[in-house]
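J.: Pasting a structure here, questions to come.
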Amino acid sequence: MGIKEFLRREFSFIQGNYGILIVSWVIMDLAMEMPVPNFQYYVQALGGDEFPLALGIIGFANFLAMAVVALPGGYLADKYGRRWLISSMTFGLALSYIFFALAPTWHFILIGQIVQSLCLIYQPALFAMVQDSLPEERRGVGSSLIQMIHGTFNTPGPIVAGILLLEFGLIMSMRIVYFIVMTLFLIAAIWRLRLKETIKTEDRIKFEKTHIIKGEHSLELIAYGLLLIISVSAALIHNYWWFLPGGVFGLLAVGAVIEHRAAGKRFWGRVKELLGVYPKSVRECCINVWKTVPKSVLWLLLVQVLFMFANAQINVINAIYARDQLGISEDLWWLTFIPLLVTMMIASVPIGKTIDRMGARKPLMLGPLVLASALLLFVHGNFVTVMISMSLNGIVFLLVMSSAMTLTAYLVGPQNRGKVRGFLNFIGYIFTGVGMLLGDVLYDIVPQFPFYLAISLTIPMTLAILLRIREPRTLEQKPL
């Protein structure tokens with residue numbers, strides 16, 4: 001069998017919506033990791049070092065905002081469809097990076113993080129569309145292939161960020177990076193307009209006949225928009241205080257739209273319809289769906305939440321810890337991300353094939369054990385052991401995420417996948433936000449404490465997988 005025939009046989013499922021999403025991730029991942037290595041330093045350089053909990057507050061607000069939209073995101077994905085949510089919110093996600101690129105202080109990063117997190121309301125829809133689009137016998141490989149795409153195309157990001165850092169300095173290099181991220185995300189958002197709906201539903205939220213503004217109000221809106229652009233430009237070139245009148249003109253522009261729309265009943269009907277989604281989503285995602293799915297799904301959710309909580313405590317301070325406790329300079333820190341991404345690139349397909357061949361439960365059980373080993377190598381390590389630790393973290397991510405996605409697809413039917421994912425995101429993001437805040441606080445008390453606490457959490461993770469999680473033994477038991 002030739003290489004061409006082998007590739008066609010193994011990867012023939014990469015088509016349709018799944019293929020479109022793969023291409024969009026390739027575009028987004030080229031820039032996704034660029035800001036990550038130096039993000040903590042960027043926040044500190046914009047005044048975060050004068051406010052000890054700045055990183056913790058940003059992380060907490062980020063995941064609290066994502067938790068707020070997680071339940072309606074899951075409900076909307078199953079009730080009204082996946083496509084419209086993914087397509088529209090990807091544009092919002094792209095534009096949110098303007099706050100990061102132009103931030104005069106760390107408070108603007110906080111605002112941008114909240115806006116970005118609210119736009120991630122589409123995550124349950126994205127997860128559901130991926131599982132809807134994958135053939136049952138390729139779910140393990142398909143889930144791992146996503147991680148391979150992330151690892152492969154994320155790899156150049158830290159290198160580019162490191163080169164820009166050496167050439168332009170910290171703040172200017174990060175501004176350039178965020179403009180690159182915004183541009184590539186906008187391209188991906190346009191590409192995602194090709195997606196097709198994967199779930200049949202008679203319910204639709206229809207906006208196609210709703211005009212934002214027209215008539216004499218359009219000139220007023222254009223005037224405010226031009227004044228806003230002038231103010232922002234003056235703030236960047238001359239003085240950041242120009243952001244103040246810019247904000248006023250922005251509010252006036254929004255007010256002009258609202259004033260015009262207030263006269264139309266259709267607009268308020270849309271607003272009322274969307275606001276009414278929240279109580280319904282809470283009831284469906286938090287109560288009703290758990291009456292129909294197996295108990296193993298709830299224990300799987302517990303493992304994922306503990307995993308997110310443990311990692312959050314480390315991710316919020318790992319760069320600062322490496323610099324101040326291990327002596328790894330800012331100029332070298334970005335290099336530690338290369339083994340992480342390369343490992344994900346190389347190991348993703350083998351791990352996916354292993355999951356498809358022997359089931360998802362055993363690979364999932366390995367995740368907490370490898371995580372504990374990685375954290376032990378990091379906490380009292382050096383540059384070499386930290387790089388090994390980051391590589392192990394890549395394996396942990398593949399084991400836990402790919403196994404959990406595959407198990408969820410096996411145990412939960414298509415009509416409930418959005419709601420289950422929404423509930424997981426809701427609980428997981430709350431614990432992740434709290435974990436980031438807690439990690440920042442504990443670091444100021446005993447720098448090693450977040451690592452020890454995260455290691456201890458691997459014990460209940462392992463016990464839950466060993467004693468409580470079961471996977472279907474036959475294909476007939478697995479939802480398609």
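Letters A, B, ... go to the chains of the structure tokens in the order shown; residues in each chain start at 1; ligands are counted from 1 in the same order.
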Please identify all polymer residues within 7 Å of Gly418 (chain A), counting only C-alpha atoms, omitting same-chain residues fewer than 6 positions from it, and present them as a ChimeraX atom specification.
T.: /A:74-75,77-78,124-125,128
J.: If we count only C-alpha atoms and set the cut-off at 8 Å, which residues sit around region 36-38 of chain A, ignoring sequence neighbours fewer than 3 positions away in its own chain? Please answer as a PDB file with C-alpha atoms, in the first residue's frame.
T.:
ATOM      1  CA  MET A  32      -2.557  31.460  19.397  1.00  0.00           C
ATOM      2  CA  GLU A  33       0.583  30.757  21.428  1.00  0.00           C
ATOM      3  CA  TYR A  41       5.494  39.787  32.072  1.00  0.00           C
ATOM      4  CA  TYR A  42       3.272  42.028  29.876  1.00  0.00           C
ATOM      5  CA  PRO A 158       6.679  31.181  20.942  1.00  0.00           C
ATOM      6  CA  ALA A 161       7.314  35.979  20.114  1.00  0.00           C
ATOM      7  CA  LEU A 170       8.515  43.512  25.817  1.00  0.00           C
ATOM      8  CA  MET A 174       3.366  42.128  22.626  1.00  0.00           C
ATOM      9  CA  ALA A 319       6.548  32.098  34.369  1.00  0.00           C
ATOM     10  CA  GLU A 330      12.541  36.078  30.645  1.00  0.00           C
ATOM     11  CA  TRP A 333      11.322  31.189  29.276  1.00  0.00           C
ATOM     12  CA  TRP A 334       9.676  31.119  25.843  1.00  0.00           C
ATOM     13  CA  PHE A 337       7.109  26.023  25.297  1.00  0.00           C
TER      14      PHE A 337
END
J.: Quick one: everything within 9 Å of Ile171 (chain A), counting only C-alpha atoms, minus sequence neighbours fewer than 6 positions away in the same chain. Send it as an MDAnalysis selection string.
T.: chainID A and resid 42 45:46 165
J.: So which residues of region 6-189 of chain A fall under alpha helix (DSSP H) by DSSP, listed as a PyMOL selection string?
T.: chain A and resi 6-10+16-32+39-45+54-79+83-95+97-102+106-119+123-133+139-154+156-168+170-189
J.: Under the rule that only C-alpha atoms are counted, which of A:Met66, A:Ile109, A:Leu85, A:Ala188 is the nearest residue to Val23 (chain A)?
T.: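 So, comparing all the options, the nearest one is A:Ala188.
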J.: CA of Ile199 (chain A) and CA of Tyr80 (chain A), how far apart in Å?
T.: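 Atom-to-atom, CA of Tyr80 (chain A) to CA of Ile199 (chain A), that is 8.6 Å.
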J.: Quick one: everything within 8 Å of Val441 (chain A), counting only C-alpha atoms, minus sequence neighbours fewer than 3 positions away in the same chain. Send it as JSON, numbers by chain.
T.: {"A": [53, 56, 437, 438, 444, 445]}
J.: Using CA of Asn393 (chain A) and CA of Asn311 (chain A) as the two end points, give the distance in Å to one decimal.
T.: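 Separation between CA of Asn393 (chain A) and CA of Asn311 (chain A): 9.8 Å.
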J.: List the spatial neighbours of Tyr18 (chain A) as a VMD selection string - criterion: any atom at most 12 Å away, only C-alpha atoms, same-chain residues fewer than 6 positions off excluded.
T.: chain A and resid 11 to 12 24 to 25 126 to 135 138 to 139 142 to 143 145 to 146 192 194 to 198
J.: Filtering to N, CA and C atoms, could you give me those residues as an mmCIF file, in the first residue's frame?
T.:
data_model
loop_
_atom_site.group_PDB
_atom_site.id
_atom_site.type_symbol
_atom_site.label_atom_id
_atom_site.label_comp_id
_atom_site.auth_asym_id
_atom_site.auth_seq_id
_atom_site.Cartn_x
_atom_site.Cartn_y
_atom_site.Cartn_z
ATOM 1 N N PHE A 11 -7.244 9.099 6.977
ATOM 2 C CA PHE A 11 -7.723 10.457 7.247
ATOM 3 C C PHE A 11 -8.826 10.884 6.287
ATOM 4 N N SER A 12 -9.563 9.934 5.755
ATOM 5 C CA SER A 12 -10.654 10.266 4.834
ATOM 6 C C SER A 12 -11.801 10.985 5.543
ATOM 7 N N SER A 24 -9.603 26.238 10.042
ATOM 8 C CA SER A 24 -9.720 27.438 10.884
ATOM 9 C C SER A 24 -8.773 27.360 12.078
ATOM 10 N N TRP A 25 -8.600 26.166 12.641
ATOM 11 C CA TRP A 25 -7.669 26.019 13.766
ATOM 12 C C TRP A 25 -6.228 26.210 13.311
ATOM 13 N N LEU A 126 -19.163 24.373 19.473
ATOM 14 C CA LEU A 126 -17.993 23.897 18.736
ATOM 15 C C LEU A 126 -17.695 22.442 19.091
ATOM 16 N N PHE A 127 -17.703 22.128 20.392
ATOM 17 C CA PHE A 127 -17.467 20.763 20.843
ATOM 18 C C PHE A 127 -18.517 19.822 20.251
ATOM 19 N N ALA A 128 -19.781 20.239 20.302
ATOM 20 C CA ALA A 128 -20.860 19.395 19.795
ATOM 21 C C ALA A 128 -20.736 19.186 18.287
ATOM 22 N N MET A 129 -20.369 20.242 17.548
ATOM 23 C CA MET A 129 -20.235 20.106 16.096
ATOM 24 C C MET A 129 -19.109 19.146 15.732
ATOM 25 N N VAL A 130 -18.014 19.196 16.474
ATOM 26 C CA VAL A 130 -16.905 18.271 16.212
ATOM 27 C C VAL A 130 -17.373 16.833 16.399
ATOM 28 N N GLN A 131 -18.050 16.551 17.500
ATOM 29 C CA GLN A 131 -18.500 15.189 17.764
ATOM 30 C C GLN A 131 -19.594 14.755 16.795
ATOM 31 N N ASP A 132 -20.448 15.700 16.380
ATOM 32 C CA ASP A 132 -21.470 15.386 15.377
ATOM 33 C C ASP A 132 -20.841 14.996 14.041
ATOM 34 N N SER A 133 -19.686 15.586 13.738
ATOM 35 C CA SER A 133 -19.085 15.456 12.411
ATOM 36 C C SER A 133 -18.101 14.303 12.290
ATOM 37 N N LEU A 134 -17.719 13.687 13.402
ATOM 38 C CA LEU A 134 -16.738 12.601 13.367
ATOM 39 C C LEU A 134 -17.438 11.244 13.312
ATOM 40 N N PRO A 135 -16.961 10.334 12.456
ATOM 41 C CA PRO A 135 -17.496 8.960 12.489
ATOM 42 C C PRO A 135 -17.143 8.292 13.810
ATOM 43 N N ARG A 138 -13.713 6.853 14.554
ATOM 44 C CA ARG A 138 -12.573 7.760 14.408
ATOM 45 C C ARG A 138 -12.585 8.870 15.463
ATOM 46 N N ARG A 139 -13.371 8.720 16.509
ATOM 47 C CA ARG A 139 -13.466 9.799 17.494
ATOM 48 C C ARG A 139 -12.175 10.002 18.277
ATOM 49 N N GLY A 142 -9.739 11.515 15.790
ATOM 50 C CA GLY A 142 -10.210 12.857 15.452
ATOM 51 C C GLY A 142 -9.975 13.858 16.562
ATOM 52 N N SER A 143 -10.229 13.436 17.816
ATOM 53 C CA SER A 143 -9.991 14.324 18.953
ATOM 54 C C SER A 143 -8.504 14.594 19.134
ATOM 55 N N LEU A 145 -6.233 14.396 16.780
ATOM 56 C CA LEU A 145 -5.740 15.156 15.640
ATOM 57 C C LEU A 145 -5.892 16.653 15.871
ATOM 58 N N ILE A 146 -6.968 17.030 16.565
ATOM 59 C CA ILE A 146 -7.146 18.444 16.909
ATOM 60 C C ILE A 146 -5.978 18.923 17.765
ATOM 61 N N ARG A 192 -14.958 30.287 8.689
ATOM 62 C CA ARG A 192 -15.978 29.492 9.383
ATOM 63 C C ARG A 192 -17.390 29.773 8.899
ATOM 64 N N ARG A 194 -18.367 29.035 6.189
ATOM 65 C CA ARG A 194 -18.657 27.887 5.323
ATOM 66 C C ARG A 194 -19.341 26.736 6.069
ATOM 67 N N LEU A 195 -19.365 26.762 7.387
ATOM 68 C CA LEU A 195 -19.907 25.658 8.180
ATOM 69 C C LEU A 195 -21.376 25.398 7.859
ATOM 70 N N LYS A 196 -21.784 24.143 7.970
ATOM 71 C CA LYS A 196 -23.176 23.737 7.785
ATOM 72 C C LYS A 196 -23.741 23.258 9.128
ATOM 73 N N GLU A 197 -25.019 23.454 9.313
ATOM 74 C CA GLU A 197 -25.657 23.026 10.557
ATOM 75 C C GLU A 197 -25.667 21.499 10.647
ATOM 76 N N THR A 198 -25.451 20.966 11.858
ATOM 77 C CA THR A 198 -25.377 19.514 12.044
ATOM 78 C C THR A 198 -26.545 18.944 12.832
#
J.: Name the residues in contact with Ala312 (chain A) at a cut-off of 12 Å, using only C-alpha atoms, excluding same-chain residues fewer than 4 positions from it; report them as a PyMOL selection string.
T.: chain A and resi 55-56+59-60+62-63+305-308+316-318+428-440+450-451+453-454
J.: What would the file look like if the residues just selected were written as a PDB file, in the first residue's frame with C-alpha atoms?
T.:
ATOM      1  CA  LEU A  55      -2.692  38.194  37.358  1.00  0.00           C
ATOM      2  CA  GLY A  56      -5.043  36.331  39.680  1.00  0.00           C
ATOM      3  CA  GLY A  59      -7.559  34.923  35.429  1.00  0.00           C
ATOM      4  CA  PHE A  60     -10.519  34.841  37.813  1.00  0.00           C
ATOM      5  CA  ASN A  62     -11.663  35.510  32.558  1.00  0.00           C
ATOM      6  CA  PHE A  63     -13.056  32.184  33.694  1.00  0.00           C
ATOM      7  CA  VAL A 305     -12.913  19.967  36.788  1.00  0.00           C
ATOM      8  CA  LEU A 306     -10.176  18.840  39.200  1.00  0.00           C
ATOM      9  CA  PHE A 307      -7.731  18.758  36.291  1.00  0.00           C
ATOM     10  CA  MET A 308      -8.661  22.315  35.289  1.00  0.00           C
ATOM     11  CA  VAL A 316      -1.125  31.710  36.556  1.00  0.00           C
ATOM     12  CA  ILE A 317       2.339  31.872  38.161  1.00  0.00           C
ATOM     13  CA  ASN A 318       4.606  29.428  36.290  1.00  0.00           C
ATOM     14  CA  GLY A 428     -14.925  24.029  35.271  1.00  0.00           C
ATOM     15  CA  TYR A 429     -14.486  27.718  34.522  1.00  0.00           C
ATOM     16  CA  ILE A 430     -15.623  28.725  38.004  1.00  0.00           C
ATOM     17  CA  PHE A 431     -13.066  26.375  39.551  1.00  0.00           C
ATOM     18  CA  THR A 432     -10.407  27.501  37.067  1.00  0.00           C
ATOM     19  CA  GLY A 433     -10.998  31.149  37.965  1.00  0.00           C
ATOM     20  CA  VAL A 434     -10.877  30.365  41.678  1.00  0.00           C
ATOM     21  CA  GLY A 435      -7.765  28.248  41.071  1.00  0.00           C
ATOM     22  CA  MET A 436      -5.975  31.134  39.377  1.00  0.00           C
ATOM     23  CA  LEU A 437      -6.841  33.522  42.185  1.00  0.00           C
ATOM     24  CA  LEU A 438      -5.858  30.922  44.782  1.00  0.00           C
ATOM     25  CA  GLY A 439      -2.597  30.131  42.992  1.00  0.00           C
ATOM     26  CA  ASP A 440      -1.629  33.806  42.980  1.00  0.00           C
ATOM     27  CA  PRO A 450       0.373  25.801  44.403  1.00  0.00           C
ATOM     28  CA  PHE A 451       2.472  22.921  43.037  1.00  0.00           C
ATOM     29  CA  LEU A 453      -1.741  21.359  46.172  1.00  0.00           C
ATOM     30  CA  ALA A 454      -2.017  20.492  42.472  1.00  0.00           C
TER      31      ALA A 454
END
J.: Which residue is closest to Val69 (chain A)? Choose from A:Gly352, A:Gly47, A:Pro279, A:Gly381 and count only C-alpha atoms.
T.: A:Pro279
J.: I'd like the interatomic distance between CA of Gln116 (chain A) and CA of Arg417 (chain A), to a tenth of an Å.
T.: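 Taking CA of Gln116 (chain A) and CA of Arg417 (chain A), their separation equals 23.2 Å.
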J.: Please determine, counting only C-alpha atoms, which residue among A:Leu166, A:Ala464, A:Ile346, A:Ile320 has the shortest atom-to-atom distance to Gln448 (chain A).
T.: A:Ile320
